[in-house]
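Below is coords.txt, holding compact mmCIF, N, CA and C atoms and all ligand atoms.
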# COMPACT_ATOMS: atom_id res chain seq x y z
N MET P 170 20.23 47.20 29.89
CA MET P 170 19.80 47.65 28.58
C MET P 170 19.29 46.46 27.75
N THR P 171 18.14 46.64 27.12
CA THR P 171 17.63 45.57 26.25
C THR P 171 18.47 45.51 24.99
N GLU P 172 18.95 44.30 24.68
CA GLU P 172 19.75 44.13 23.47
C GLU P 172 19.44 42.77 22.86
N ARG P 173 20.05 42.52 21.71
CA ARG P 173 19.84 41.25 21.01
C ARG P 173 21.15 40.51 20.83
N THR P 174 21.04 39.19 20.83
CA THR P 174 22.20 38.36 20.52
C THR P 174 21.79 37.30 19.52
N PHE P 175 22.79 36.70 18.87
CA PHE P 175 22.53 35.67 17.88
C PHE P 175 22.90 34.31 18.46
N SER P 176 22.05 33.34 18.22
CA SER P 176 22.26 31.98 18.75
C SER P 176 22.12 30.95 17.63
N ILE P 177 22.91 29.91 17.74
CA ILE P 177 22.71 28.73 16.87
C ILE P 177 22.59 27.49 17.75
N ILE P 178 21.51 26.74 17.55
CA ILE P 178 21.44 25.40 18.12
C ILE P 178 22.08 24.48 17.08
N LYS P 179 23.20 23.88 17.46
CA LYS P 179 24.09 23.23 16.49
C LYS P 179 23.62 21.82 16.12
N PRO P 180 24.23 21.26 15.04
CA PRO P 180 23.83 19.93 14.56
C PRO P 180 23.84 18.82 15.61
N ASP P 181 24.82 18.84 16.52
CA ASP P 181 24.85 17.75 17.51
C ASP P 181 23.59 17.79 18.38
N ALA P 182 23.06 18.99 18.60
CA ALA P 182 21.86 19.14 19.44
C ALA P 182 20.57 18.86 18.66
N THR P 183 20.47 19.38 17.43
CA THR P 183 19.24 19.09 16.67
C THR P 183 19.14 17.60 16.38
N ALA P 184 20.30 16.96 16.14
CA ALA P 184 20.31 15.52 15.85
C ALA P 184 19.79 14.70 17.02
N ARG P 185 19.98 15.23 18.25
CA ARG P 185 19.52 14.51 19.45
C ARG P 185 18.17 15.04 19.96
N ASN P 186 17.49 15.84 19.11
CA ASN P 186 16.14 16.32 19.44
C ASN P 186 16.13 17.20 20.69
N LEU P 187 17.14 18.07 20.82
CA LEU P 187 17.27 18.88 22.03
C LEU P 187 16.82 20.33 21.86
N THR P 188 16.23 20.66 20.70
CA THR P 188 15.85 22.06 20.46
C THR P 188 14.93 22.60 21.57
N GLY P 189 13.92 21.85 21.91
CA GLY P 189 12.97 22.31 22.92
C GLY P 189 13.59 22.44 24.30
N LYS P 190 14.43 21.49 24.66
CA LYS P 190 15.08 21.55 25.99
C LYS P 190 16.01 22.76 26.07
N ILE P 191 16.73 23.04 24.99
CA ILE P 191 17.63 24.21 24.98
C ILE P 191 16.80 25.50 25.01
N ASN P 192 15.72 25.53 24.22
CA ASN P 192 14.87 26.73 24.25
C ASN P 192 14.27 26.95 25.63
N ALA P 193 13.98 25.89 26.36
CA ALA P 193 13.44 26.05 27.72
C ALA P 193 14.47 26.71 28.64
N VAL P 194 15.75 26.33 28.50
CA VAL P 194 16.79 26.97 29.33
C VAL P 194 16.88 28.46 28.97
N ILE P 195 16.83 28.75 27.67
CA ILE P 195 16.91 30.15 27.20
C ILE P 195 15.74 30.96 27.79
N GLU P 196 14.52 30.43 27.66
CA GLU P 196 13.34 31.18 28.12
C GLU P 196 13.29 31.26 29.65
N ASP P 197 13.71 30.21 30.32
CA ASP P 197 13.73 30.25 31.80
C ASP P 197 14.70 31.30 32.32
N ALA P 198 15.72 31.62 31.51
CA ALA P 198 16.70 32.66 31.91
C ALA P 198 16.17 34.06 31.63
N GLY P 199 14.98 34.16 31.03
CA GLY P 199 14.39 35.47 30.79
C GLY P 199 14.68 36.05 29.42
N LEU P 200 15.34 35.27 28.58
CA LEU P 200 15.59 35.74 27.21
C LEU P 200 14.40 35.37 26.33
N ARG P 201 14.04 36.28 25.42
CA ARG P 201 12.92 36.03 24.49
C ARG P 201 13.46 35.61 23.13
N ILE P 202 12.88 34.55 22.56
CA ILE P 202 13.27 34.11 21.22
C ILE P 202 12.42 34.92 20.24
N VAL P 203 13.02 35.98 19.66
CA VAL P 203 12.24 36.91 18.83
C VAL P 203 12.34 36.60 17.34
N ALA P 204 13.19 35.64 16.99
CA ALA P 204 13.24 35.11 15.62
C ALA P 204 13.88 33.73 15.70
N GLN P 205 13.42 32.83 14.85
CA GLN P 205 13.94 31.46 14.90
C GLN P 205 13.63 30.76 13.57
N ARG P 206 14.63 30.06 13.04
CA ARG P 206 14.41 29.32 11.79
C ARG P 206 15.32 28.10 11.76
N ARG P 207 14.76 26.97 11.33
CA ARG P 207 15.57 25.77 11.19
C ARG P 207 16.06 25.70 9.75
N ILE P 208 17.38 25.58 9.58
CA ILE P 208 17.97 25.58 8.23
C ILE P 208 19.05 24.51 8.12
N ARG P 209 19.37 24.17 6.92
CA ARG P 209 20.57 23.39 6.67
C ARG P 209 21.62 24.40 6.23
N MET P 210 22.64 24.62 7.03
CA MET P 210 23.65 25.62 6.71
C MET P 210 24.48 25.15 5.51
N THR P 211 24.69 26.04 4.53
CA THR P 211 25.54 25.66 3.39
C THR P 211 27.01 25.82 3.80
N GLU P 212 27.88 25.19 3.01
CA GLU P 212 29.31 25.31 3.29
C GLU P 212 29.75 26.77 3.21
N ASP P 213 29.24 27.51 2.22
CA ASP P 213 29.60 28.92 2.10
C ASP P 213 29.16 29.73 3.33
N GLN P 214 27.94 29.46 3.81
CA GLN P 214 27.45 30.16 5.01
C GLN P 214 28.33 29.86 6.22
N ALA P 215 28.67 28.58 6.41
CA ALA P 215 29.47 28.19 7.58
C ALA P 215 30.88 28.78 7.49
N LYS P 216 31.46 28.75 6.30
CA LYS P 216 32.81 29.31 6.13
C LYS P 216 32.83 30.80 6.43
N LYS P 217 31.80 31.50 5.94
CA LYS P 217 31.72 32.94 6.17
C LYS P 217 31.48 33.23 7.66
N PHE P 218 30.57 32.47 8.25
CA PHE P 218 30.22 32.70 9.66
C PHE P 218 31.45 32.55 10.57
N TYR P 219 32.27 31.54 10.29
CA TYR P 219 33.43 31.25 11.15
C TYR P 219 34.74 31.74 10.55
N GLU P 220 34.67 32.73 9.66
CA GLU P 220 35.85 33.26 8.97
C GLU P 220 36.98 33.65 9.94
N VAL P 221 36.62 34.19 11.11
CA VAL P 221 37.66 34.60 12.08
C VAL P 221 38.53 33.42 12.52
N HIS P 222 38.00 32.21 12.38
CA HIS P 222 38.75 31.01 12.81
C HIS P 222 39.46 30.31 11.65
N LYS P 223 39.52 30.96 10.48
CA LYS P 223 39.97 30.21 9.30
C LYS P 223 41.41 29.72 9.35
N GLU P 224 42.23 30.34 10.18
CA GLU P 224 43.62 29.86 10.32
C GLU P 224 43.77 28.79 11.39
N ARG P 225 42.70 28.53 12.15
CA ARG P 225 42.79 27.56 13.24
C ARG P 225 42.79 26.13 12.71
N PRO P 226 43.45 25.22 13.43
CA PRO P 226 43.52 23.83 12.95
C PRO P 226 42.15 23.14 12.88
N PHE P 227 41.21 23.63 13.67
CA PHE P 227 39.89 22.97 13.71
C PHE P 227 38.88 23.56 12.73
N TYR P 228 39.31 24.53 11.90
CA TYR P 228 38.37 25.24 11.00
C TYR P 228 37.61 24.28 10.07
N GLY P 229 38.35 23.37 9.43
CA GLY P 229 37.72 22.44 8.49
C GLY P 229 36.71 21.54 9.19
N GLU P 230 37.10 21.05 10.35
CA GLU P 230 36.22 20.19 11.15
C GLU P 230 34.96 20.96 11.58
N LEU P 231 35.18 22.21 11.97
CA LEU P 231 34.07 23.06 12.42
C LEU P 231 33.05 23.29 11.30
N VAL P 232 33.58 23.63 10.11
CA VAL P 232 32.69 23.84 8.96
C VAL P 232 31.96 22.54 8.61
N GLY P 233 32.68 21.43 8.67
CA GLY P 233 32.08 20.12 8.40
C GLY P 233 30.96 19.80 9.37
N GLN P 234 31.19 20.07 10.64
CA GLN P 234 30.16 19.79 11.66
C GLN P 234 28.93 20.68 11.48
N MET P 235 29.18 21.95 11.20
CA MET P 235 28.06 22.89 11.12
C MET P 235 27.14 22.63 9.92
N THR P 236 27.67 21.89 8.93
CA THR P 236 26.89 21.59 7.74
C THR P 236 26.40 20.14 7.72
N SER P 237 26.64 19.41 8.82
CA SER P 237 26.38 17.96 8.83
C SER P 237 24.92 17.60 9.09
N ALA P 238 24.15 18.52 9.64
CA ALA P 238 22.75 18.28 10.00
C ALA P 238 22.10 19.66 10.18
N PRO P 239 20.78 19.71 10.29
CA PRO P 239 20.14 21.03 10.45
C PRO P 239 20.61 21.77 11.70
N VAL P 240 20.52 23.10 11.62
CA VAL P 240 20.75 23.95 12.78
C VAL P 240 19.50 24.82 12.97
N VAL P 241 19.37 25.39 14.16
CA VAL P 241 18.31 26.36 14.40
C VAL P 241 18.98 27.70 14.69
N VAL P 242 18.78 28.67 13.80
CA VAL P 242 19.34 30.01 14.02
C VAL P 242 18.28 30.86 14.72
N GLN P 243 18.74 31.66 15.67
CA GLN P 243 17.81 32.40 16.52
C GLN P 243 18.32 33.81 16.83
N VAL P 244 17.38 34.70 17.10
CA VAL P 244 17.71 35.99 17.70
C VAL P 244 17.08 36.00 19.09
N LEU P 245 17.90 36.28 20.10
CA LEU P 245 17.43 36.33 21.49
C LEU P 245 17.46 37.78 21.96
N GLU P 246 16.45 38.17 22.70
CA GLU P 246 16.35 39.56 23.16
C GLU P 246 16.15 39.60 24.67
N GLY P 247 16.78 40.57 25.32
CA GLY P 247 16.59 40.74 26.76
C GLY P 247 17.64 41.66 27.34
N GLU P 248 17.55 41.86 28.66
CA GLU P 248 18.54 42.66 29.38
C GLU P 248 19.92 42.03 29.20
N ASN P 249 20.88 42.80 28.77
CA ASN P 249 22.25 42.28 28.60
C ASN P 249 22.29 40.91 27.95
N ALA P 250 21.56 40.78 26.84
CA ALA P 250 21.37 39.47 26.21
C ALA P 250 22.68 38.78 25.82
N VAL P 251 23.67 39.55 25.35
CA VAL P 251 24.93 38.93 24.91
C VAL P 251 25.60 38.23 26.10
N ALA P 252 25.78 38.97 27.19
CA ALA P 252 26.46 38.41 28.37
C ALA P 252 25.60 37.33 29.03
N LYS P 253 24.29 37.56 29.09
CA LYS P 253 23.42 36.58 29.74
C LYS P 253 23.45 35.25 29.00
N TYR P 254 23.38 35.31 27.67
CA TYR P 254 23.39 34.05 26.91
C TYR P 254 24.73 33.33 27.08
N ARG P 255 25.82 34.10 27.08
CA ARG P 255 27.14 33.45 27.27
C ARG P 255 27.20 32.77 28.63
N GLU P 256 26.57 33.40 29.62
CA GLU P 256 26.56 32.82 30.97
C GLU P 256 25.78 31.49 30.98
N ILE P 257 24.61 31.47 30.35
CA ILE P 257 23.82 30.23 30.42
C ILE P 257 24.30 29.16 29.44
N MET P 258 25.07 29.56 28.41
CA MET P 258 25.69 28.55 27.53
C MET P 258 26.77 27.80 28.29
N GLY P 259 27.57 28.52 29.08
CA GLY P 259 28.72 27.93 29.74
C GLY P 259 29.94 27.97 28.86
N ALA P 260 31.08 27.51 29.40
CA ALA P 260 32.35 27.57 28.68
C ALA P 260 32.30 26.77 27.38
N THR P 261 33.10 27.22 26.39
CA THR P 261 33.15 26.57 25.07
C THR P 261 33.39 25.07 25.21
N ASN P 262 34.34 24.72 26.08
CA ASN P 262 34.63 23.31 26.34
C ASN P 262 33.71 22.82 27.46
N PRO P 263 32.82 21.86 27.19
CA PRO P 263 31.85 21.43 28.21
C PRO P 263 32.50 20.90 29.48
N GLU P 264 33.75 20.43 29.37
CA GLU P 264 34.45 19.95 30.59
C GLU P 264 34.70 21.10 31.56
N GLN P 265 34.74 22.33 31.02
CA GLN P 265 34.97 23.50 31.88
C GLN P 265 33.68 24.28 32.17
N ALA P 266 32.56 23.80 31.64
CA ALA P 266 31.30 24.54 31.79
C ALA P 266 30.70 24.35 33.18
N ALA P 267 30.12 25.44 33.71
CA ALA P 267 29.53 25.40 35.06
C ALA P 267 28.26 24.54 35.07
N GLU P 268 27.99 24.01 36.22
CA GLU P 268 26.78 23.21 36.48
C GLU P 268 25.53 23.98 36.05
N GLY P 269 24.63 23.30 35.39
CA GLY P 269 23.35 23.92 35.01
C GLY P 269 23.38 24.64 33.67
N THR P 270 24.57 24.86 33.11
CA THR P 270 24.64 25.55 31.82
C THR P 270 24.24 24.59 30.69
N ILE P 271 23.91 25.18 29.54
CA ILE P 271 23.48 24.38 28.38
C ILE P 271 24.58 23.40 27.99
N ARG P 272 25.82 23.91 27.90
CA ARG P 272 26.90 23.02 27.45
C ARG P 272 27.23 21.94 28.47
N LYS P 273 27.13 22.27 29.76
CA LYS P 273 27.36 21.24 30.78
C LYS P 273 26.31 20.13 30.65
N GLN P 274 25.07 20.56 30.42
CA GLN P 274 23.98 19.57 30.36
C GLN P 274 23.98 18.76 29.07
N PHE P 275 24.31 19.42 27.94
CA PHE P 275 24.03 18.78 26.65
C PHE P 275 25.22 18.56 25.73
N ALA P 276 26.30 19.36 25.87
CA ALA P 276 27.38 19.29 24.88
C ALA P 276 28.16 17.97 24.98
N LEU P 277 28.69 17.54 23.83
CA LEU P 277 29.43 16.27 23.78
C LEU P 277 30.93 16.49 23.96
N ASN P 278 31.44 17.56 23.34
CA ASN P 278 32.87 17.90 23.42
C ASN P 278 33.03 19.33 22.88
N VAL P 279 34.29 19.82 22.83
CA VAL P 279 34.50 21.23 22.46
C VAL P 279 34.03 21.55 21.04
N GLY P 280 34.08 20.58 20.15
CA GLY P 280 33.61 20.81 18.77
C GLY P 280 32.10 20.69 18.68
N GLU P 281 31.57 19.62 19.26
CA GLU P 281 30.11 19.40 19.27
C GLU P 281 29.56 19.95 20.59
N ASN P 282 29.51 21.29 20.65
CA ASN P 282 29.17 21.91 21.93
C ASN P 282 27.78 22.55 21.96
N SER P 283 26.91 22.03 21.10
CA SER P 283 25.44 22.25 21.16
C SER P 283 24.92 23.64 20.79
N VAL P 284 25.64 24.69 21.19
CA VAL P 284 25.14 26.04 20.91
C VAL P 284 26.29 27.00 20.58
N HIS P 285 25.92 28.04 19.86
CA HIS P 285 26.81 29.18 19.63
C HIS P 285 26.09 30.43 20.11
N GLY P 286 26.82 31.37 20.68
CA GLY P 286 26.26 32.68 21.02
C GLY P 286 27.28 33.76 20.71
N SER P 287 26.81 34.92 20.26
CA SER P 287 27.71 36.03 19.91
C SER P 287 28.57 36.42 21.11
N ASP P 288 29.80 36.89 20.82
CA ASP P 288 30.70 37.28 21.91
C ASP P 288 30.71 38.78 22.19
N SER P 289 30.00 39.56 21.39
CA SER P 289 29.93 41.01 21.62
C SER P 289 28.70 41.56 20.91
N GLN P 290 28.27 42.75 21.29
CA GLN P 290 27.12 43.37 20.62
C GLN P 290 27.42 43.65 19.16
N GLU P 291 28.67 44.05 18.90
CA GLU P 291 29.07 44.33 17.51
C GLU P 291 28.95 43.06 16.66
N ASN P 292 29.49 41.96 17.17
CA ASN P 292 29.39 40.71 16.41
C ASN P 292 27.96 40.19 16.33
N ALA P 293 27.17 40.45 17.37
CA ALA P 293 25.76 40.03 17.34
C ALA P 293 25.06 40.66 16.14
N LYS P 294 25.28 41.93 15.93
CA LYS P 294 24.64 42.64 14.80
C LYS P 294 25.07 42.03 13.47
N ILE P 295 26.38 41.76 13.35
CA ILE P 295 26.90 41.18 12.10
C ILE P 295 26.32 39.78 11.88
N GLU P 296 26.29 38.98 12.94
CA GLU P 296 25.82 37.59 12.82
C GLU P 296 24.32 37.53 12.54
N ILE P 297 23.55 38.37 13.23
CA ILE P 297 22.09 38.42 12.99
C ILE P 297 21.83 38.76 11.52
N ALA P 298 22.57 39.75 11.02
CA ALA P 298 22.34 40.21 9.63
C ALA P 298 22.69 39.14 8.60
N GLN P 299 23.54 38.16 9.00
CA GLN P 299 23.87 37.08 8.05
C GLN P 299 22.68 36.14 7.83
N PHE P 300 21.77 36.08 8.80
CA PHE P 300 20.67 35.10 8.70
C PHE P 300 19.25 35.69 8.75
N PHE P 301 19.11 36.93 9.21
CA PHE P 301 17.76 37.49 9.34
C PHE P 301 17.71 38.92 8.78
N THR P 302 16.57 39.24 8.16
CA THR P 302 16.29 40.64 7.81
C THR P 302 15.49 41.25 8.98
N ASP P 303 15.48 42.56 9.08
CA ASP P 303 14.83 43.23 10.20
C ASP P 303 13.36 42.82 10.37
N ASP P 304 12.66 42.64 9.22
CA ASP P 304 11.23 42.33 9.31
C ASP P 304 10.96 40.90 9.78
N GLN P 305 11.99 40.07 9.82
CA GLN P 305 11.81 38.69 10.32
C GLN P 305 12.00 38.60 11.83
N ILE P 306 12.38 39.72 12.45
CA ILE P 306 12.59 39.75 13.90
C ILE P 306 11.42 40.49 14.53
N VAL P 307 10.65 39.78 15.35
CA VAL P 307 9.44 40.38 15.92
C VAL P 307 9.60 40.43 17.44
N GLY P 308 9.94 41.60 17.94
CA GLY P 308 10.24 41.76 19.37
C GLY P 308 9.01 42.00 20.21
P1 LIG O 1 31.48 28.60 18.92
O1 LIG O 1 31.01 29.39 20.09
O2 LIG O 1 30.48 28.30 17.88
O3 LIG O 1 32.72 29.37 18.24
C1 LIG O 1 33.75 28.71 17.56
C2 LIG O 1 33.64 27.23 17.65
O4 LIG O 1 34.80 26.51 17.32
C3 LIG O 1 33.36 26.83 19.07
O5 LIG O 1 32.07 27.21 19.45
C4 LIG O 1 33.64 25.35 19.03
O6 LIG O 1 32.52 24.60 18.58
C5 LIG O 1 34.74 25.27 17.99
N1 LIG O 1 36.00 25.01 18.65
C6 LIG O 1 36.67 25.84 19.50
N2 LIG O 1 37.81 25.26 19.91
C7 LIG O 1 37.87 24.04 19.31
C8 LIG O 1 38.79 22.96 19.34
N3 LIG O 1 39.91 23.04 20.08
N4 LIG O 1 38.51 21.87 18.61
C9 LIG O 1 37.39 21.81 17.86
N5 LIG O 1 36.47 22.80 17.80
C10 LIG O 1 36.70 23.89 18.51

Taking this structure as input, can you express it in the form of C-alpha cells?
Amino acid sequence: MTERTFSIIKPDATARNLTGKINAVIEDAGLRIVAQRRIRMTEDQAKKFYEVHKERPFYGELVGQMTSAPVVVQVLEGENAVAKYREIMGATNPEQAAEGTIRKQFALNVGENSVHGSDSQENAKIEIAQFFTDDQIVG
C-alpha cells in the first residue's frame, strides 16, 4: 500500500553536508521525497515533537541537539513507506545498525543519529501535520 512517512535529516548530518548523500539512499530505496524544507527548529517545536520522551533522561539533550543547527524536514512516499524507511535508517543506536543503513554509514552516536523516521502510520500523520500543510505535499 502506498503511504507516507515523516523524516528529519538531523543537525549532525546537515552540519556535515550529508543531505544529498542521505537523500540518495532514500531515493535508491524507492521512496519519493514529496515534500522537503530546510528549517531551524525552534525549542517549542522540538519539545512538542519529542513530547513522548519528556520523562527520559536524554530529553533535554535531545531538544538541545535538534535546535543546534538546521534540519531538513521531509515527507517520503512509497510502498510501506513507514517500515521501509525504518529499515533503511537502521537501528536507533548506530552501533547496532545493519550494514548499508543510513545510521551505520553516517550516524555518530545514539543521540546524533543523523535521521528520524516515524514509527507508525498514525504517528506519521501527526508528525507530518506538525510541519507541512496538505498543499505543500506534492505526490
Ligand atoms: P529518534 O528516532 O529521533 O527518536 C528519539 C530520539 O532520541 C532518537 O532518535 C535518538 O536520537 C534519541 N535517543 C534515543 N535514545 C537515546 C539515548 N540513550 N541517549 C541520547 N539520545 C537518545

Å distance separating atom C of Gly247 in chain P from atom C of Arg201 in chain P, one decimal place: 8.5 Å

Within 6.5 Å of ligand LIG 1 (chain O) (only N, CA and C atoms and all ligand atoms), residues as a VMD selection string: chain P and resid 227 231 261 279 to 282 284 to 286

Include N, CA and C atoms and write out the residues we just selected as a short mmCIF file (atom, residue, chain, number, x, y, z; two decimals), in the coordinates of the input.
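For reference, part03.cif as written:
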data_model
loop_
_atom_site.label_atom_id
_atom_site.label_comp_id
_atom_site.auth_asym_id
_atom_site.auth_seq_id
_atom_site.Cartn_x
_atom_site.Cartn_y
_atom_site.Cartn_z
N PHE P 227 41.21 23.63 13.67
CA PHE P 227 39.89 22.97 13.71
C PHE P 227 38.88 23.56 12.73
N LEU P 231 35.18 22.21 11.97
CA LEU P 231 34.07 23.06 12.42
C LEU P 231 33.05 23.29 11.30
N THR P 261 33.10 27.22 26.39
CA THR P 261 33.15 26.57 25.07
C THR P 261 33.39 25.07 25.21
N VAL P 279 34.29 19.82 22.83
CA VAL P 279 34.50 21.23 22.46
C VAL P 279 34.03 21.55 21.04
N GLY P 280 34.08 20.58 20.15
CA GLY P 280 33.61 20.81 18.77
C GLY P 280 32.10 20.69 18.68
N GLU P 281 31.57 19.62 19.26
CA GLU P 281 30.11 19.40 19.27
C GLU P 281 29.56 19.95 20.59
N ASN P 282 29.51 21.29 20.65
CA ASN P 282 29.17 21.91 21.93
C ASN P 282 27.78 22.55 21.96
N VAL P 284 25.64 24.69 21.19
CA VAL P 284 25.14 26.04 20.91
C VAL P 284 26.29 27.00 20.58
N HIS P 285 25.92 28.04 19.86
CA HIS P 285 26.81 29.18 19.63
C HIS P 285 26.09 30.43 20.11
N GLY P 286 26.82 31.37 20.68
CA GLY P 286 26.26 32.68 21.02
C GLY P 286 27.28 33.76 20.71
#

Nearest candidate to Phe218 in chain P (options P:Glu296, P:Glu196, P:Ile257, P:Glu172; using only N, CA and C atoms): P:Glu296

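Residue nearest Val244 in chain P within the list P:Ser283, P:Thr174, P:Gln265, P:Asn186: P:Thr174 [criterion: smallest interatomic distance, only C-alpha atoms].
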
Nearest candidate to Gln243 in chain P (options P:Asp181, P:Glu220, P:Asn192, P:Ile202; using all atoms listed in the file): P:Ile202

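Restricting the calculation to all atoms listed in the file, the smallest distance between Ala252 in chain P and any of P:Tyr228, P:Gly189, P:Gln290, P:Ala266 is found for P:Gln290.
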
Computed interatomic separation between CA of Pro226 in chain P and CA of Glu212 in chain P (Å): 17.2 Å

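Remark: for Val240 in chain P, the closest of the candidate residues P:Val221, P:Ala193, P:Thr188, P:Leu200 is P:Thr188 (distances computed over only C-alpha atoms).
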
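Distances from P:Asp304, P:Glu256, P:Glu246, P:Asp288 to Ile271 in chain P were compared using only N, CA and C atoms, and the smallest one belongs to P:Glu256.
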
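Note that atom N of Tyr254 in chain P and atom N of Asp213 in chain P are 27.3 Å apart.
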
Radius query 7 Å about (14.0, 37.6, 12.0), atoms used: all atoms listed in the file, as a list of chain:residue names: P:Val203, P:Ala204, P:Gln205, P:Val244, P:Phe300, P:Phe301, P:Thr302, P:Asp303, P:Asp304, P:Gln305, P:Ile306, P:Val307

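Backbone DSSP of range 202-271 of chain P yields strand (DSSP E) at Ile202, Val203, Ala204, Gln205, Arg206, Arg207, Ile208, Val240, Val241, Val242, Gln243, Val244, Leu245, Glu246, Gly247 and Glu248 of chain P.
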
Draw an axis-aligned box over all listed atoms of range 271-289 of chain P, pad each side with 6 Å, and write its centre and edge lengths in Å, one decimal, as lines of an AutoDock Vina configuration file.
center_x = 29.0
center_y = 28.9
center_z = 24.7
size_x = 23.0
size_y = 37.3
size_z = 24.1
